[in-house]
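Here's the structure we're looking at; comments come further down.
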Amino acid sequence: FGTIGLRNDKLRIPLPDERPERLEKPLHIANSTVKNVYFYIDTFMRRRLTDDEQDALNLINTILTETLHSKILGTARERGLVYGMSSGVGQAKLNSNWWFGAQVSPKNAPALFEIMVGEIEKIFNGDLDKADIEAAQQ
């Protein structure tokens, strides 16, 4: 692994050895002309996920943010906090990442972040309903 190719492998370019570096504090770019908060949370692992780990993380991603009935996005939409949210799982040559973000009004941001933290804590604590897994698999 470590190269990408075009059709018929006529050209192969080695993937770079990218290693994520931890930020000391969150990056914040202030722009007084933008009324809403645009945020992305990007988490990294300094190795590639196994196929089983990637499948599991994609399932968790779907349960939390990928549908209108998801734990974070669905709850936030029901409460009128956000219209949409994006998220995903990615892999590079030497690392893996899980990210999500949204556009939210400053007054709604604390409530959205509370939902996010609560639902992620439930996952970390193993509090995952079988029905949620089955729904995400559909």
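Within each chain, counting starts at residue 1; across the structure tokens, chains are named A, B, ... in the order shown, with ligands numbered 1 upward in that order.
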
Excluding same-chain residues fewer than 2 positions from region 47-52 of chain A, what lies within 7 Å of it counting only C-alpha atoms, as a PyMOL selection string? chain A and resi 45+54-56+91+94-96

Would you mind writing down, as a short mmCIF file (atom, residue, chain, number, x, y, z; two decimals) with N, CA and C atoms, in the first residue's frame, each residue of region 9-137 of chain A that DSSP on the backbone assigns to alpha helix (DSSP H)?
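Saved file selection.cif follows:
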```
data_model
loop_
_atom_site.label_atom_id
_atom_site.label_comp_id
_atom_site.auth_asym_id
_atom_site.auth_seq_id
_atom_site.Cartn_x
_atom_site.Cartn_y
_atom_site.Cartn_z
N ASP A 51 -9.95 -2.95 8.69
CA ASP A 51 -11.24 -2.96 8.00
C ASP A 51 -12.39 -3.01 9.01
N ASP A 52 -12.26 -3.85 10.04
CA ASP A 52 -13.31 -3.94 11.06
C ASP A 52 -13.47 -2.62 11.81
N GLU A 53 -12.36 -1.96 12.14
CA GLU A 53 -12.44 -0.68 12.84
C GLU A 53 -13.09 0.39 11.95
N GLN A 54 -12.73 0.38 10.69
CA GLN A 54 -13.32 1.36 9.77
C GLN A 54 -14.82 1.12 9.61
N ASP A 55 -15.22 -0.14 9.51
CA ASP A 55 -16.65 -0.45 9.43
C ASP A 55 -17.37 0.03 10.68
N ALA A 56 -16.78 -0.22 11.84
CA ALA A 56 -17.40 0.18 13.11
C ALA A 56 -17.50 1.70 13.21
N LEU A 57 -16.45 2.41 12.84
CA LEU A 57 -16.48 3.87 12.93
C LEU A 57 -17.45 4.47 11.92
N ASN A 58 -17.54 3.89 10.74
CA ASN A 58 -18.54 4.35 9.78
C ASN A 58 -19.95 4.14 10.31
N LEU A 59 -20.18 3.03 11.00
CA LEU A 59 -21.48 2.76 11.60
C LEU A 59 -21.79 3.80 12.69
N ILE A 60 -20.81 4.08 13.54
CA ILE A 60 -21.00 5.09 14.59
C ILE A 60 -21.26 6.45 13.96
N ASN A 61 -20.52 6.77 12.91
CA ASN A 61 -20.71 8.04 12.21
C ASN A 61 -22.15 8.16 11.69
N THR A 62 -22.66 7.08 11.11
CA THR A 62 -24.04 7.09 10.62
C THR A 62 -25.03 7.28 11.76
N ILE A 63 -24.83 6.56 12.84
CA ILE A 63 -25.73 6.65 14.00
C ILE A 63 -25.75 8.07 14.58
N LEU A 64 -24.60 8.73 14.59
CA LEU A 64 -24.51 10.04 15.23
C LEU A 64 -24.90 11.20 14.33
N THR A 65 -24.56 11.15 13.02
CA THR A 65 -24.68 12.39 12.25
C THR A 65 -25.19 12.25 10.82
N LEU A 73 -27.38 14.92 14.76
CA LEU A 73 -28.07 15.76 13.78
C LEU A 73 -29.58 15.70 13.95
N GLY A 74 -30.13 14.51 14.10
CA GLY A 74 -31.58 14.38 14.24
C GLY A 74 -32.12 15.13 15.45
N THR A 75 -31.43 14.99 16.58
CA THR A 75 -31.85 15.70 17.79
C THR A 75 -31.72 17.20 17.62
N ALA A 76 -30.60 17.64 17.03
CA ALA A 76 -30.38 19.07 16.83
C ALA A 76 -31.43 19.67 15.88
N ARG A 77 -31.78 18.93 14.83
CA ARG A 77 -32.81 19.42 13.90
C ARG A 77 -34.18 19.49 14.58
N GLU A 78 -34.51 18.46 15.35
CA GLU A 78 -35.80 18.46 16.06
C GLU A 78 -35.92 19.66 16.99
N ALA A 109 -25.25 27.35 19.47
CA ALA A 109 -24.02 26.55 19.56
C ALA A 109 -23.88 25.80 20.89
N PRO A 110 -24.07 26.44 22.05
CA PRO A 110 -23.91 25.70 23.31
C PRO A 110 -24.82 24.47 23.40
N ALA A 111 -26.06 24.59 22.98
CA ALA A 111 -26.98 23.45 23.03
C ALA A 111 -26.54 22.34 22.07
N LEU A 112 -26.07 22.73 20.88
CA LEU A 112 -25.58 21.72 19.93
C LEU A 112 -24.37 21.00 20.49
N PHE A 113 -23.42 21.75 21.07
CA PHE A 113 -22.22 21.12 21.62
C PHE A 113 -22.57 20.20 22.79
N GLU A 114 -23.59 20.58 23.56
CA GLU A 114 -24.04 19.72 24.66
C GLU A 114 -24.57 18.38 24.12
N ILE A 115 -25.34 18.43 23.06
CA ILE A 115 -25.84 17.20 22.43
C ILE A 115 -24.66 16.36 21.92
N MET A 116 -23.73 17.00 21.24
CA MET A 116 -22.59 16.29 20.68
C MET A 116 -21.79 15.58 21.77
N VAL A 117 -21.43 16.31 22.81
CA VAL A 117 -20.63 15.73 23.90
C VAL A 117 -21.40 14.59 24.56
N GLY A 118 -22.67 14.78 24.83
CA GLY A 118 -23.46 13.74 25.47
C GLY A 118 -23.55 12.47 24.65
N GLU A 119 -23.78 12.60 23.35
CA GLU A 119 -23.91 11.41 22.50
C GLU A 119 -22.57 10.71 22.30
N ILE A 120 -21.50 11.47 22.19
CA ILE A 120 -20.17 10.85 22.05
C ILE A 120 -19.78 10.15 23.35
N GLU A 121 -20.09 10.75 24.48
CA GLU A 121 -19.81 10.10 25.77
C GLU A 121 -20.58 8.78 25.88
N LYS A 122 -21.82 8.75 25.42
CA LYS A 122 -22.59 7.50 25.46
C LYS A 122 -21.88 6.41 24.66
N ILE A 123 -21.37 6.77 23.47
CA ILE A 123 -20.65 5.79 22.64
C ILE A 123 -19.42 5.29 23.38
N PHE A 124 -18.62 6.22 23.95
CA PHE A 124 -17.41 5.82 24.68
C PHE A 124 -17.73 4.93 25.87
N LYS A 130 -29.10 -1.72 20.37
CA LYS A 130 -29.07 -2.63 19.22
C LYS A 130 -29.97 -2.10 18.09
N ALA A 131 -31.06 -1.47 18.46
CA ALA A 131 -31.98 -0.91 17.45
C ALA A 131 -31.30 0.19 16.63
N ASP A 132 -30.43 0.98 17.28
CA ASP A 132 -29.70 2.03 16.56
C ASP A 132 -28.72 1.41 15.56
N ILE A 133 -28.09 0.34 15.93
CA ILE A 133 -27.16 -0.35 15.03
C ILE A 133 -27.90 -0.92 13.85
N GLU A 134 -29.02 -1.58 14.12
CA GLU A 134 -29.81 -2.17 13.04
C GLU A 134 -30.36 -1.11 12.08
N ALA A 135 -30.79 0.03 12.64
CA ALA A 135 -31.31 1.11 11.79
C ALA A 135 -30.20 1.67 10.90
N ALA A 136 -29.01 1.84 11.47
CA ALA A 136 -27.88 2.37 10.70
C ALA A 136 -27.45 1.40 9.60
N GLN A 137 -27.55 0.10 9.86
CA GLN A 137 -27.17 -0.88 8.86
C GLN A 137 -28.14 -0.89 7.67
#
```

Polymer residues at most 6 Å from Ala102 (chain A), only C-alpha atoms, same-chain spacing of 3 or more positions, as a VMD selection string: chain A and resid 38 to 39 85

If you count only C-alpha atoms, which residues fall within 12 Å of region 27-29 of chain A, apart from same-chain ones fewer than 4 positions away, as a list in words? Arg22, Leu23, Thr33, Val34, Val37, Tyr38, Phe39, Tyr40, Ile41 and Asp42 of chain A

Resulting file, chosen residues, N, CA and C atoms, as a short mmCIF file (atom, residue, chain, number, x, y, z; two decimals), in the first residue's frame:
```
data_model
loop_
_atom_site.label_atom_id
_atom_site.label_comp_id
_atom_site.auth_asym_id
_atom_site.auth_seq_id
_atom_site.Cartn_x
_atom_site.Cartn_y
_atom_site.Cartn_z
N ARG A 22 -0.63 17.43 16.85
CA ARG A 22 -1.63 17.92 17.79
C ARG A 22 -1.51 19.44 17.96
N LEU A 23 -2.63 20.13 17.88
CA LEU A 23 -2.65 21.56 18.15
C LEU A 23 -2.66 21.77 19.66
N THR A 33 -17.77 39.59 9.67
CA THR A 33 -18.79 39.65 8.62
C THR A 33 -19.62 38.38 8.54
N VAL A 34 -19.23 37.36 9.30
CA VAL A 34 -19.95 36.08 9.30
C VAL A 34 -20.75 35.99 10.58
N VAL A 37 -21.52 30.51 13.39
CA VAL A 37 -20.30 29.81 13.73
C VAL A 37 -20.17 28.63 12.78
N TYR A 38 -19.04 28.51 12.13
CA TYR A 38 -18.73 27.35 11.29
C TYR A 38 -17.65 26.59 12.04
N PHE A 39 -17.89 25.33 12.36
CA PHE A 39 -16.88 24.59 13.12
C PHE A 39 -16.65 23.21 12.50
N TYR A 40 -15.46 22.72 12.69
CA TYR A 40 -15.11 21.34 12.35
C TYR A 40 -14.27 20.78 13.48
N ILE A 41 -14.60 19.59 13.86
CA ILE A 41 -13.81 18.84 14.83
C ILE A 41 -13.22 17.68 14.06
N ASP A 42 -11.91 17.59 14.08
CA ASP A 42 -11.20 16.58 13.31
C ASP A 42 -10.32 15.79 14.27
#
```

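Among the candidate residues A:Glu21, A:Phe44, A:Val104, A:Lys35, the one lying nearest to Gly90 (chain A) is A:Phe44, with distances computed using only C-alpha atoms.
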
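The interatomic distance for the pair CA of Trp99 (chain A) and CA of Ser87 (chain A) works out to 5.4 Å.
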